[in-house]
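Q: mmCIF, C-alpha atoms and all ligand atoms, saved as start-v1.cif, coming up:
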data_query
#
loop_
_atom_site.label_atom_id
_atom_site.label_comp_id
_atom_site.auth_asym_id
_atom_site.auth_seq_id
_atom_site.Cartn_x
_atom_site.Cartn_y
_atom_site.Cartn_z
CA MET N 1 90.65 77.90 79.74
CA THR N 2 94.29 78.17 80.74
CA GLU N 3 95.78 80.71 83.06
CA PRO N 4 98.67 82.75 81.68
CA ALA N 5 101.96 81.09 82.55
CA LEU N 6 103.36 82.45 85.80
CA ASP N 7 106.68 84.21 85.51
CA PRO N 8 109.22 81.52 86.51
CA GLN N 9 110.97 83.86 89.01
CA LEU N 10 107.65 84.55 90.65
CA ALA N 11 106.57 80.90 90.57
CA ARG N 12 109.72 79.93 92.47
CA TYR N 13 109.28 82.76 94.94
CA SER N 14 105.61 81.93 95.56
CA PHE N 15 106.32 78.24 96.04
CA GLN N 16 109.07 78.93 98.61
CA ARG N 17 106.92 81.50 100.35
CA LYS N 18 104.03 79.07 100.63
CA LEU N 19 106.25 76.31 102.01
CA ALA N 20 107.67 78.71 104.59
CA GLU N 21 104.15 79.60 105.69
CA ILE N 22 103.13 75.94 106.01
CA ALA N 23 106.37 75.08 107.82
CA ALA N 24 105.65 77.72 110.48
CA VAL N 25 102.39 76.07 111.56
CA ARG N 26 102.50 74.25 114.91
CA GLY N 27 99.85 72.00 116.32
CA ARG N 28 99.07 71.84 120.02
CA ALA N 29 99.35 68.04 119.71
CA THR N 30 99.73 65.39 117.02
CA GLU N 31 96.89 66.78 115.00
CA LEU N 32 98.28 68.21 111.76
CA ILE N 33 97.70 65.98 108.75
CA SER N 34 99.84 65.95 105.61
CA LEU N 35 98.54 63.96 102.66
CA TYR N 36 100.52 63.51 99.42
CA VAL N 37 98.68 62.14 96.42
CA PRO N 38 100.89 61.35 93.40
CA PRO N 39 99.61 61.53 89.81
CA GLY N 40 97.80 58.38 88.75
CA LYS N 41 96.71 57.44 92.29
CA LEU N 42 93.11 56.22 92.50
CA LEU N 43 91.19 58.72 94.60
CA SER N 44 88.74 56.03 95.68
CA ASP N 45 91.72 54.29 97.34
CA VAL N 46 92.70 57.54 99.05
CA ASN N 47 89.21 58.00 100.42
CA GLY N 48 89.15 54.38 101.59
CA TYR N 49 92.43 55.00 103.43
CA LEU N 50 91.04 58.17 105.02
CA ARG N 51 87.85 56.40 106.16
CA ASN N 52 90.02 53.82 107.89
CA GLU N 53 92.14 56.54 109.58
CA TYR N 54 88.94 58.25 110.66
CA ALA N 55 87.67 55.07 112.31
CA GLN N 56 91.00 54.59 114.11
CA SER N 57 91.19 58.16 115.34
CA SER N 58 88.10 57.59 117.45
CA ASN N 59 90.51 55.78 119.83
CA ILE N 60 92.60 58.90 120.52
CA LYS N 61 92.53 59.56 124.28
CA SER N 62 92.62 63.34 124.49
CA ARG N 63 89.19 64.71 123.69
CA THR N 64 90.47 67.88 122.01
CA THR N 65 93.04 66.07 119.91
CA ARG N 66 90.48 63.44 118.89
CA LYS N 67 88.02 66.14 117.87
CA ASN N 68 90.68 68.04 115.89
CA VAL N 69 92.03 64.97 114.09
CA MET N 70 88.57 63.74 113.17
CA TRP N 71 87.66 67.15 111.88
CA ALA N 72 90.88 67.29 109.79
CA ILE N 73 90.25 63.87 108.21
CA GLU N 74 86.65 64.74 107.45
CA SER N 75 87.73 67.98 105.88
CA LEU N 76 90.39 66.12 103.84
CA MET N 77 87.83 63.67 102.50
CA GLY N 78 85.79 66.61 101.26
CA ARG N 79 88.87 68.17 99.62
CA VAL N 80 89.81 64.94 97.90
CA ARG N 81 86.26 64.45 96.63
CA ALA N 82 86.51 67.81 94.84
CA TYR N 83 88.98 66.19 92.39
CA LYS N 84 88.02 63.73 89.64
CA GLU N 85 91.64 62.58 89.45
CA PRO N 86 94.97 63.90 90.78
CA PRO N 87 96.40 66.88 88.82
CA PRO N 88 99.37 66.20 86.45
CA HIS N 89 101.98 66.61 89.22
CA GLY N 90 99.78 65.24 91.98
CA VAL N 91 98.64 67.30 94.96
CA ALA N 92 99.56 67.74 98.62
CA PHE N 93 97.03 68.65 101.33
CA PHE N 94 97.88 70.10 104.72
CA VAL N 95 94.97 70.28 107.11
CA GLY N 96 94.81 70.73 110.84
CA SER N 97 94.37 72.93 113.87
CA LYS N 98 97.07 75.56 114.22
CA ALA N 99 97.99 76.67 117.73
CA VAL N 100 97.42 80.40 118.19
CA GLY N 101 97.99 82.36 121.37
CA ALA N 102 97.70 80.76 124.79
CA ASP N 103 95.19 77.96 124.34
CA LYS N 104 93.32 78.66 121.15
CA SER N 105 93.62 76.98 117.79
CA GLU N 106 92.52 77.87 114.32
CA ALA N 107 91.64 75.54 111.43
CA VAL N 108 94.08 75.76 108.50
CA THR N 109 94.03 74.18 105.06
CA TYR N 110 96.73 74.42 102.41
CA ILE N 111 96.59 72.74 99.02
CA VAL N 112 99.78 72.62 96.97
CA GLU N 113 100.12 71.48 93.38
CA PRO N 114 103.89 71.01 93.15
CA PRO N 115 106.13 72.22 90.29
CA GLU N 116 107.36 68.66 89.76
CA PRO N 117 105.60 65.31 89.96
CA LEU N 118 105.21 63.70 93.38
CA ASN N 119 106.31 60.09 93.35
CA THR N 120 104.94 58.61 96.57
CA TYR N 121 101.64 58.38 98.38
CA LEU N 122 102.03 59.54 101.96
CA TYR N 123 99.78 60.19 104.95
CA ARG N 124 101.22 61.62 108.14
CA CYS N 125 99.75 62.99 111.33
CA ASP N 126 102.16 65.02 113.47
CA SER N 127 102.51 68.27 115.40
CA THR N 128 104.07 69.92 112.33
CA PHE N 129 103.31 69.47 108.65
CA PHE N 130 105.59 67.16 106.70
CA LEU N 131 107.26 69.10 103.86
CA GLU N 132 110.40 67.19 102.81
CA PRO N 133 109.09 66.00 99.42
CA LEU N 134 108.22 69.60 98.49
CA LEU N 135 111.36 71.17 99.98
CA ALA N 136 113.40 68.92 97.71
CA MET N 137 111.80 70.70 94.75
CA VAL N 138 112.77 74.21 95.82
CA HIS N 139 116.37 73.75 94.77
CA GLU N 140 115.67 71.89 91.56
CA PRO N 141 115.15 75.03 89.60
CA GLU N 142 116.65 74.88 86.17
CA VAL N 143 117.08 72.71 83.13
CA TRP N 144 119.98 73.33 80.77
CA GLY N 145 120.94 71.69 77.49
CA LEU N 146 124.57 70.50 77.39
CA ILE N 147 126.81 69.97 74.35
CA VAL N 148 130.54 69.20 74.36
CA LEU N 149 132.20 68.61 71.02
CA ASP N 150 135.27 68.63 68.88
CA ARG N 151 135.71 67.23 65.38
CA ALA N 152 136.01 63.65 66.66
CA GLU N 153 133.19 63.30 69.16
CA VAL N 154 130.08 64.91 70.61
CA THR N 155 128.15 64.28 73.82
CA LEU N 156 124.76 65.82 74.52
CA GLY N 157 123.06 65.87 77.88
CA LEU N 158 120.70 67.67 80.20
CA LEU N 159 121.39 69.36 83.50
CA ARG N 160 118.37 69.19 85.85
CA GLY N 161 119.16 71.04 89.05
CA LYS N 162 122.38 69.31 89.97
CA ARG N 163 121.80 66.10 88.06
CA ILE N 164 123.50 65.47 84.70
CA ASP N 165 121.80 63.07 82.29
CA VAL N 166 123.86 61.88 79.32
CA LEU N 167 121.47 61.68 76.38
CA ARG N 168 123.62 60.93 73.34
CA ASN N 169 127.26 60.27 72.49
CA ARG N 170 128.58 59.98 68.95
CA GLN N 171 131.98 59.63 67.27
CA SER N 172 132.50 61.41 63.99
CA LEU N 173 133.87 59.92 60.79
CA VAL N 174 136.06 62.95 60.24
CA PRO N 175 139.54 61.67 59.38
CA SER N 176 142.44 63.05 61.31
CA LYS N 177 144.31 65.83 59.55
CA HIS N 178 147.56 64.02 60.03
CA GLY N 179 149.04 60.87 58.68
CA ARG N 180 147.25 60.37 55.39
CA GLY N 181 149.79 59.96 52.63
CA GLY N 182 149.15 59.46 48.98
CA GLN N 183 146.28 61.84 48.31
CA SER N 184 146.62 65.36 47.07
CA ALA N 185 146.70 67.69 50.04
CA HIS N 186 144.02 69.89 48.52
CA ARG N 187 141.61 67.06 47.84
CA PHE N 188 142.20 65.58 51.26
CA GLU N 189 141.55 68.94 52.90
CA ARG N 190 138.23 69.23 51.03
CA MET N 191 137.21 65.75 52.07
CA ILE N 192 137.91 66.54 55.72
CA GLU N 193 135.95 69.77 55.57
CA HIS N 194 133.04 67.97 53.95
CA ALA N 195 133.04 65.24 56.61
CA ALA N 196 133.30 67.83 59.39
CA HIS N 197 130.39 69.77 57.92
CA GLU N 198 128.28 66.60 57.81
CA PHE N 199 129.19 65.88 61.42
CA PHE N 200 128.16 69.37 62.59
CA VAL N 201 124.86 69.06 60.73
CA LYS N 202 124.30 65.75 62.51
CA VAL N 203 125.14 67.29 65.90
CA ALA N 204 122.66 70.10 65.27
CA GLU N 205 120.03 67.55 64.26
CA MET N 206 120.51 65.60 67.49
CA ALA N 207 120.40 68.81 69.53
CA GLY N 208 117.13 69.75 67.82
CA GLU N 209 115.64 66.36 68.47
CA LEU N 210 116.63 66.37 72.15
CA PHE N 211 116.24 70.01 73.13
CA LEU N 212 113.52 71.57 70.97
CA PRO N 213 110.66 69.60 72.57
CA ARG N 214 111.88 71.01 75.93
CA LYS N 215 112.63 74.50 74.72
CA ASP N 216 110.12 76.16 77.07
CA GLU N 217 111.66 74.74 80.22
CA LEU N 218 115.21 75.03 78.89
CA LYS N 219 116.96 77.92 80.61
CA GLY N 220 119.76 77.85 78.04
CA VAL N 221 122.26 75.72 76.18
CA LEU N 222 125.81 75.34 77.47
CA LEU N 223 128.31 74.66 74.72
CA GLY N 224 131.88 73.54 75.32
CA GLY N 225 134.78 71.46 74.15
CA PRO N 226 138.55 71.59 73.65
CA GLY N 227 140.02 73.99 71.12
CA ALA N 228 138.31 76.18 68.54
CA THR N 229 135.74 73.74 67.12
CA LYS N 230 132.99 74.88 69.46
CA GLU N 231 133.44 78.52 68.36
CA PHE N 232 133.32 77.47 64.72
CA PHE N 233 130.19 75.37 65.34
CA PHE N 234 128.52 78.29 67.11
CA LYS N 235 129.55 81.06 64.70
CA GLU N 236 128.50 79.12 61.62
CA GLY N 237 125.03 78.78 63.13
CA PHE N 238 124.52 75.05 62.71
CA LEU N 239 121.98 74.90 65.53
CA HIS N 240 118.27 75.53 65.04
CA TYR N 241 117.77 79.28 65.54
CA GLU N 242 115.70 78.81 68.69
CA LEU N 243 118.53 76.86 70.29
CA GLN N 244 121.19 79.14 68.86
CA GLN N 245 119.55 82.03 70.74
CA LYS N 246 119.75 80.06 73.97
CA VAL N 247 123.48 79.35 73.79
CA VAL N 248 125.19 80.96 76.78
CA GLN N 249 128.19 83.20 76.11
CA PRO N 250 131.03 82.68 76.70
CA LEU N 251 131.50 79.14 75.40
CA PHE N 252 133.38 76.89 77.80
CA ASP N 253 136.75 75.15 77.44
CA THR N 254 136.75 71.52 78.46
CA GLY N 255 139.42 68.85 78.14
CA TYR N 256 137.02 66.05 77.18
CA THR N 257 134.08 65.53 74.85
CA ASP N 258 132.54 62.54 76.62
CA GLU N 259 130.62 62.21 79.88
CA HIS N 260 133.57 63.75 81.77
CA GLY N 261 133.36 66.67 79.38
CA LEU N 262 129.75 67.28 80.45
CA LYS N 263 130.84 67.34 84.10
CA GLU N 264 133.62 69.81 83.34
CA LEU N 265 131.19 71.95 81.36
CA VAL N 266 128.73 72.12 84.26
CA GLU N 267 131.44 72.93 86.81
CA LYS N 268 132.76 75.83 84.76
CA ALA N 269 129.36 77.14 83.80
CA THR N 270 128.03 77.07 87.37
CA GLN N 271 130.63 79.56 88.53
CA THR N 272 130.18 81.78 85.52
CA LEU N 273 126.37 81.75 85.52
CA HIS N 274 126.00 82.54 89.19
CA GLY N 275 128.46 85.37 88.64
CA LEU N 276 126.56 86.60 85.58
CA GLU N 277 123.26 86.65 87.41
CA LEU N 278 124.72 88.61 90.30
CA THR N 279 126.44 90.97 87.86
CA GLU N 280 123.13 91.58 86.11
CA GLU N 281 121.47 92.43 89.43
CA LYS N 282 124.32 94.77 90.37
CA ARG N 283 124.07 96.46 86.98
CA LEU N 284 120.35 97.09 87.43
CA ILE N 285 120.77 98.56 90.90
CA GLN N 286 123.65 100.74 89.65
CA ARG N 287 121.38 102.00 86.89
CA LEU N 288 118.73 102.78 89.50
CA LEU N 289 121.26 104.68 91.64
CA GLY N 290 122.37 106.62 88.57
CA GLU N 291 118.80 107.77 88.02
CA ILE N 292 118.25 108.61 91.69
CA ARG N 293 121.33 110.85 91.70
CA LYS N 294 119.85 113.00 88.93
CA ALA N 295 117.75 116.06 89.81
CA ASP N 296 114.24 115.06 90.95
CA ALA N 297 115.32 111.41 90.99
CA GLY N 298 115.31 111.15 87.17
CA LEU N 299 113.61 108.00 85.93
CA ALA N 300 113.50 106.26 89.28
CA ALA N 301 111.01 105.66 92.07
CA TYR N 302 111.69 103.85 95.32
CA GLY N 303 109.88 102.88 98.47
CA GLU N 304 106.42 101.38 98.64
CA ARG N 305 104.40 104.57 98.32
CA ASP N 306 106.18 106.08 95.35
CA VAL N 307 106.39 102.79 93.50
CA ALA N 308 102.67 102.13 94.07
CA HIS N 309 101.95 105.63 92.75
CA ALA N 310 104.11 105.09 89.65
CA LEU N 311 102.40 101.72 89.09
CA GLU N 312 98.99 103.37 89.20
CA LEU N 313 100.10 105.84 86.56
CA GLY N 314 101.44 103.02 84.38
CA ALA N 315 104.88 104.65 84.45
CA VAL N 316 106.92 101.63 85.55
CA ASP N 317 109.23 100.13 82.97
CA LEU N 318 111.19 97.78 85.21
CA LEU N 319 110.26 96.93 88.76
CA LEU N 320 113.03 95.74 91.07
CA VAL N 321 111.79 93.71 94.03
CA SER N 322 113.93 92.20 96.77
CA ASP N 323 113.35 88.51 97.38
CA GLY N 324 113.93 89.30 101.06
CA LEU N 325 110.58 91.12 101.32
CA ARG N 326 108.12 89.43 103.66
CA ARG N 327 104.92 91.40 103.38
CA HIS N 328 101.26 91.03 102.57
CA LEU N 329 98.85 93.40 100.87
CA VAL N 330 95.60 93.45 102.83
CA HIS N 331 92.41 94.78 101.28
CA LEU N 332 90.08 96.37 103.81
CA LYS N 333 86.53 97.70 103.72
CA CYS N 334 84.61 99.87 106.16
CA PRO N 335 81.43 98.11 107.38
CA ALA N 336 79.81 101.50 108.04
CA CYS N 337 80.55 103.64 104.96
CA GLN N 338 81.91 100.99 102.53
CA HIS N 339 85.15 102.93 102.11
CA GLU N 340 87.88 100.60 100.72
CA LEU N 341 91.62 100.70 101.09
CA SER N 342 94.68 98.47 100.74
CA ARG N 343 97.51 98.28 103.25
CA SER N 344 100.87 96.63 102.99
CA VAL N 345 101.88 94.98 106.27
CA SER N 346 104.81 92.86 107.36
CA ASP N 347 104.21 89.23 108.24
CA GLU N 348 104.82 90.05 111.92
CA GLU N 349 102.24 92.84 111.90
CA LEU N 350 99.78 90.52 110.19
CA GLU N 351 100.36 87.86 112.83
CA ALA N 352 99.92 90.40 115.66
CA GLY N 353 96.76 91.85 114.06
CA SER N 354 95.37 95.28 114.95
CA ALA N 355 92.22 97.23 114.25
CA VAL N 356 92.51 99.97 111.64
CA PRO N 357 90.01 102.81 112.05
CA CYS N 358 88.21 104.09 108.93
CA PRO N 359 89.95 107.22 107.63
CA ASN N 360 86.68 108.28 105.99
CA CYS N 361 84.01 108.02 108.71
CA GLY N 362 86.05 107.17 111.79
CA ALA N 363 84.42 103.76 112.38
CA PRO N 364 86.68 101.89 114.82
CA ALA N 365 87.68 98.92 112.66
CA LEU N 366 87.83 98.06 108.98
CA THR N 367 87.02 94.51 107.86
CA GLU N 368 89.49 92.43 105.90
CA VAL N 369 88.11 91.53 102.47
CA SER N 370 91.10 89.65 101.08
CA ARG N 371 94.86 89.50 101.28
CA GLU N 372 97.64 88.60 98.89
CA ASP N 373 101.39 88.28 99.00
CA TYR N 374 102.89 91.73 98.48
CA VAL N 375 105.55 90.64 95.97
CA GLU N 376 102.97 88.69 93.97
CA SER N 377 100.66 91.68 93.92
CA LEU N 378 103.50 93.89 92.64
CA PHE N 379 104.33 91.45 89.85
CA ARG N 380 100.67 91.22 88.88
CA ARG N 381 100.24 94.98 88.78
CA VAL N 382 103.39 95.72 86.79
CA VAL N 383 102.59 93.06 84.20
CA GLU N 384 99.03 94.41 83.86
CA ALA N 385 100.53 97.82 83.19
CA GLY N 386 102.84 96.47 80.48
CA GLY N 387 106.10 96.67 82.44
CA SER N 388 108.40 93.92 83.61
CA ALA N 389 109.72 92.85 86.98
CA ARG N 390 112.92 91.44 88.34
CA LEU N 391 113.35 89.63 91.62
CA VAL N 392 116.67 90.71 93.14
CA SER N 393 118.52 88.44 95.55
CA THR N 394 120.10 89.82 98.70
CA GLU N 395 123.37 88.06 97.92
CA SER N 396 125.13 91.11 96.52
CA GLU N 397 125.83 94.37 98.34
CA GLU N 398 123.55 96.13 95.87
CA GLY N 399 120.74 93.64 96.50
CA GLU N 400 121.13 94.16 100.23
CA MET N 401 120.93 97.92 99.64
CA LEU N 402 117.66 97.54 97.74
CA LEU N 403 116.14 95.80 100.74
CA ARG N 404 117.59 97.99 103.52
CA ALA N 405 117.73 101.46 101.97
CA PHE N 406 114.79 101.39 99.58
CA GLY N 407 112.31 99.22 101.46
CA GLY N 408 112.77 96.35 99.02
CA VAL N 409 111.05 97.98 96.04
CA ALA N 410 112.24 100.37 93.40
CA ALA N 411 111.41 101.04 89.79
CA ILE N 412 112.96 102.38 86.64
CA LEU N 413 110.36 104.56 84.97
CA ARG N 414 109.24 105.31 81.43
CA TYR N 415 108.87 109.00 82.30
CA PRO N 416 109.57 111.02 85.44
CA VAL N 417 106.98 110.91 88.21
CA ALA N 418 107.18 113.37 91.09
CA SER N 419 107.79 111.71 94.46
CA LEU N 420 104.93 111.84 96.96
CA ALA N 421 107.56 112.24 99.68
CA VAL N 422 108.95 115.50 98.26
CA PRO N 423 107.20 118.64 99.58
CA LEU N 424 105.03 120.42 97.04
CA ALA N 425 107.14 123.59 97.20
CA ARG N 426 110.23 121.77 96.01
CA ARG N 427 108.34 119.93 93.31
CA GLN N 428 107.16 123.23 91.86
CA GLY N 429 110.47 124.96 92.27
ZN ZN U 501 83.93 104.31 107.10
#
What do you get writing this file as structure tokens?
A:
Amino acid sequence: MTEPALDPQLARYSFQRKLAEIAAVRGRATELISLYVPPGKLLSDVNGYLRNEYAQSSNIKSRTTRKNVMWAIESLMGRVRAYKEPPPHGVAFFVGSKAVGADKSEAVTYIVEPPEPLNTYLYRCDSTFFLEPLLAMVHEPEVWGLIVLDRAEVTLGLLRGKRIDVLRNRQSLVPSKHGRGGQSAHRFERMIEHAAHEFFVKVAEMAGELFLPRKDELKGVLLGGPGATKEFFFKEGFLHYELQQKVVQPLFDTGYTDEHGLKELVEKATQTLHGLELTEEKRLIQRLLGEIRKADAGLAAYGERDVAHALELGAVDLLLVSDGLRRHLVHLKCPACQHELSRSVSDEELEAGSAVPCPNCGAPALTEVSREDYVESLFRRVVEAGGSARLVSTESEEGEMLLRAFGGVAAILRYPVASLAVPLARRQG
């Protein structure tokens, strides 16, 4: 039983969102416990450690703090016992009493299975949760395959976040085109071409060996080198087709084909790729604006209500969501008449809390059944309906516009859907 793989954009968003939520928790005293368990750690050792901490915490002077810390450790022991062994990347627990309002606190528990393996065991009790090991993973987003080559040499490597690993370097046996006397020019030319061909086949073989096993995490392949060899290598399709498809256009000019070449390649590509991503976002928002300008908003919907309506109808082709949105979707139920409804609320509104009367029977307050992150719920719904979603950064003017002018959500539709905001008279006319 495996869950469908989470969209990588959404996985990154959800991870950051969760960390932000945990980071905001404050304890009234040193009573928030962070526990990091790396893969391979014996859980019996962890429980032994916790038992010892529990015994020691009975010495804490303040009665409230002592009670809270002992509760947190007890709760942790229960959480740890629920595992037979640590998950593949390990697991981090955050348990404690969160300060709310004047002098109240509320028990909180967060369990995070990180996107990358944890490498140290850590227990910490403080007035905030300790997040550094996880924060370091937020900006380690992408893995790229790297190739720099000419006819004399090739170097292959991997870019992980900002780290470059050199994996393979090889010199070719292709003779130089110059300085060989004695042989017939034609024959010599053929020999060179043959040797070059063999070399390119070898390069493709190495690339397959190194990159294909990682093809699912590989965001793309960056190909560079001095002169025209890289274009030739690419156009002739030496690479395995699954890698060929991942080669980023344009190819990059570098002066070297060794380790320095890999560094040059990454520097050039970083500028271009960031630019490309922003350009793609701008293009999508421009397309949205183009639709909105048409009569009856063409194939566009924007704002929470209209987008939710279009989603219900299954009319959304591409959902555009701002990564600046900070909202939750809260599912409510009336205790009197069982009427159910969902409400999107900002994080601030959620924190403040307020009673919502039942629109059906007028009962004074609905009960919260569950809540989920608003962006996550949008992604889930659009994927269920067969559409796709794109998280748009607020780095470009267009991305900023999506957040400010359209409430952070808009959609390009499969067919026109009348806006709920437009009066009926105009819709009919
Ligand atoms: Zn009701």
Q: Write as a VMD selection string the residues around ligand ZN 501 (chain U), taking 9 Å as the cut-off and counting only C-alpha atoms and all ligand atoms.
A: chain N and resid 333 to 340 357 to 366
Q: Taking (109.2, 109.2, 100.6) in the file's coordinates as the center, which residues reach within 8 Å of it, counting only C-alpha atoms, put as a VMD selection string?
A: chain N and resid 302 to 303 305 to 306 419 to 422
Q: In terms of the shortest atom-to-atom distance over only C-alpha atoms, which of N:Ala152, N:Thr229, N:Ser34, N:Gln244 is closest to Glu132 (chain N)?
A: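 Going through N:Ala152, N:Thr229, N:Ser34, N:Gln244 one by one, the smallest distance to Glu132 (chain N) is for N:Ser34.
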Q: So that I can check the surroundings of Val25 (chain N), please list as a list in words every protein, DNA and RNA residue that reaches within 8 Å of it, counting only C-alpha atoms and ignoring chain neighbours fewer than 3 positions away.
A: Glu21, Ile22, Lys98, Ala99, Thr128 and Phe129 of chain N
Q: How would you write as a PyMOL selection string the residues that get within 12 Å of (107.2, 82.6, 90.8) in the file's frame, counting only C-alpha atoms?
A: chain N and resi 5-18+115+138+141+323+373+375-377+379-380+389-391
Q: Show me, as an mmCIF file with C-alpha atoms, in the frame of the given file, the residues that have an atom within 12 Å of Arg151 (chain N) when counting only C-alpha atoms, minus same-chain residues fewer than 6 positions from it.
A:
data_model
loop_
_atom_site.group_PDB
_atom_site.id
_atom_site.type_symbol
_atom_site.label_atom_id
_atom_site.label_comp_id
_atom_site.auth_asym_id
_atom_site.auth_seq_id
_atom_site.Cartn_x
_atom_site.Cartn_y
_atom_site.Cartn_z
ATOM 1 C CA ARG N 170 128.580 59.980 68.950
ATOM 2 C CA GLN N 171 131.980 59.630 67.270
ATOM 3 C CA SER N 172 132.500 61.410 63.990
ATOM 4 C CA LEU N 173 133.870 59.920 60.790
ATOM 5 C CA VAL N 174 136.060 62.950 60.240
ATOM 6 C CA PRO N 175 139.540 61.670 59.380
ATOM 7 C CA SER N 176 142.440 63.050 61.310
ATOM 8 C CA LYS N 177 144.310 65.830 59.550
ATOM 9 C CA ILE N 192 137.910 66.540 55.720
ATOM 10 C CA GLU N 193 135.950 69.770 55.570
ATOM 11 C CA HIS N 194 133.040 67.970 53.950
ATOM 12 C CA ALA N 195 133.040 65.240 56.610
ATOM 13 C CA ALA N 196 133.300 67.830 59.390
ATOM 14 C CA HIS N 197 130.390 69.770 57.920
ATOM 15 C CA GLU N 198 128.280 66.600 57.810
ATOM 16 C CA PHE N 199 129.190 65.880 61.420
ATOM 17 C CA PHE N 200 128.160 69.370 62.590
ATOM 18 C CA VAL N 201 124.860 69.060 60.730
ATOM 19 C CA LYS N 202 124.300 65.750 62.510
ATOM 20 C CA VAL N 203 125.140 67.290 65.900
ATOM 21 C CA GLY N 225 134.780 71.460 74.150
ATOM 22 C CA PRO N 226 138.550 71.590 73.650
ATOM 23 C CA GLY N 227 140.020 73.990 71.120
ATOM 24 C CA ALA N 228 138.310 76.180 68.540
ATOM 25 C CA THR N 229 135.740 73.740 67.120
ATOM 26 C CA LYS N 230 132.990 74.880 69.460
ATOM 27 C CA GLU N 231 133.440 78.520 68.360
ATOM 28 C CA PHE N 232 133.320 77.470 64.720
ATOM 29 C CA PHE N 233 130.190 75.370 65.340
ATOM 30 C CA TYR N 256 137.020 66.050 77.180
ATOM 31 C CA THR N 257 134.080 65.530 74.850
#
Q: From the options N:Phe188, N:Tyr123, N:Phe252, N:Tyr415, which residue's atoms come nearest to Asn47 (chain N), counting all atoms listed in the file?
A: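 Distance minimum relative to Asn47 (chain N) lands on N:Tyr123.
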Q: So that I can see what lies close to His89 (chain N), please list as a list in words the residues with an atom at most 10 Å from it, counting all atoms listed in the file and leaving out residues fewer than 6 positions away in the same chain.
A: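 The residues that qualify are Val37, Pro38, Pro39, Gly40, Glu113, Pro114, Pro115, Glu116, Pro117, Leu118 and Asn119 of chain N.
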Q: Do a neighbour search on Tyr110 (chain N) at 8 Å with only C-alpha atoms, toss out local chain neighbours closer than 3 positions, and write the hits as a PyMOL selection string.
A: chain N and resi 22+93-95
Q: Take the residues just selected and output them with C-alpha atoms as a compact mmCIF listing (two decimals), in the coordinates of the input.
A:
# COMPACT_ATOMS: atom_id res chain seq x y z
CA ILE N 22 103.13 75.94 106.01
CA PHE N 93 97.03 68.65 101.33
CA PHE N 94 97.88 70.10 104.72
CA VAL N 95 94.97 70.28 107.11
Q: So which one's closest to Val69 (chain N), N:Gly90, N:Gly27, N:Gly387, N:Gly101? Using all atoms listed in the file, please.
A: N:Gly27
Q: Pick out the residues sitting within 9 Å of Glu205 (chain N), and hand them over as JSON, numbers by chain; count only C-alpha atoms, and ignore anything fewer than 4 positions along from it in its own chain.
A: {"N": [200, 201, 209, 210, 238, 239, 240]}
Q: Rounded to one decimal place, report the CA of Pro133 (chain N)-CA of Leu19 (chain N) distance in Å.
A: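 These two atoms are separated by 11.0 Å.
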Q: Find the residue from N:Gln271, N:Lys215, N:Gly314, N:Val148 that sits nearest to Thr254 (chain N); use all atoms listed in the file when measuring.
A: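 That would be N:Val148, the residue with the smallest distance to Thr254 (chain N).
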Q: Please determine, counting all atoms listed in the file, which residue among N:Ser105, N:Arg51, N:Glu351, N:Leu43 has the shortest atom-to-atom distance to Ala82 (chain N).
A: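 So, comparing all the options, the nearest one is N:Leu43.
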Q: Could you state the separation of CA of Arg404 (chain N) and CA of Arg326 (chain N) in Å, given to one decimal place?
A: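 It comes out at 12.8 Å.
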Q: Please compute the CA of Arg293 (chain N)-CA of Arg381 (chain N) distance, one decimal, in Å.
A: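 Taking CA of Arg293 (chain N) and CA of Arg381 (chain N), their separation equals 26.6 Å.
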Q: When you get a chance, write out N, CA, C and O atoms for region 144-149 of chain N, as a PDB file, keeping the file's coordinate frame.
A:
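The result, written out as out-v1.pdb:
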ATOM      1  N   TRP N 144     119.088  72.803  81.781  1.00  0.00           N
ATOM      2  CA  TRP N 144     119.980  73.330  80.770  1.00  0.00           C
ATOM      3  C   TRP N 144     120.337  72.227  79.764  1.00  0.00           C
ATOM      4  O   TRP N 144     120.525  71.073  80.157  1.00  0.00           O
ATOM      5  N   GLY N 145     120.445  72.611  78.496  1.00  0.00           N
ATOM      6  CA  GLY N 145     120.940  71.690  77.490  1.00  0.00           C
ATOM      7  C   GLY N 145     122.469  71.722  77.496  1.00  0.00           C
ATOM      8  O   GLY N 145     123.071  72.780  77.703  1.00  0.00           O
ATOM      9  N   LEU N 146     123.105  70.571  77.332  1.00  0.00           N
ATOM     10  CA  LEU N 146     124.570  70.500  77.390  1.00  0.00           C
ATOM     11  C   LEU N 146     125.118  69.896  76.092  1.00  0.00           C
ATOM     12  O   LEU N 146     124.625  68.863  75.629  1.00  0.00           O
ATOM     13  N   ILE N 147     126.130  70.530  75.522  1.00  0.00           N
ATOM     14  CA  ILE N 147     126.810  69.970  74.350  1.00  0.00           C
ATOM     15  C   ILE N 147     128.313  70.147  74.545  1.00  0.00           C
ATOM     16  O   ILE N 147     128.779  71.261  74.794  1.00  0.00           O
ATOM     17  N   VAL N 148     129.074  69.061  74.457  1.00  0.00           N
ATOM     18  CA  VAL N 148     130.540  69.200  74.360  1.00  0.00           C
ATOM     19  C   VAL N 148     130.976  68.510  73.067  1.00  0.00           C
ATOM     20  O   VAL N 148     130.553  67.395  72.775  1.00  0.00           O
ATOM     21  N   LEU N 149     131.791  69.214  72.289  1.00  0.00           N
ATOM     22  CA  LEU N 149     132.200  68.610  71.020  1.00  0.00           C
ATOM     23  C   LEU N 149     133.576  69.068  70.553  1.00  0.00           C
ATOM     24  O   LEU N 149     134.078  70.119  70.972  1.00  0.00           O
TER      25      LEU N 149
END
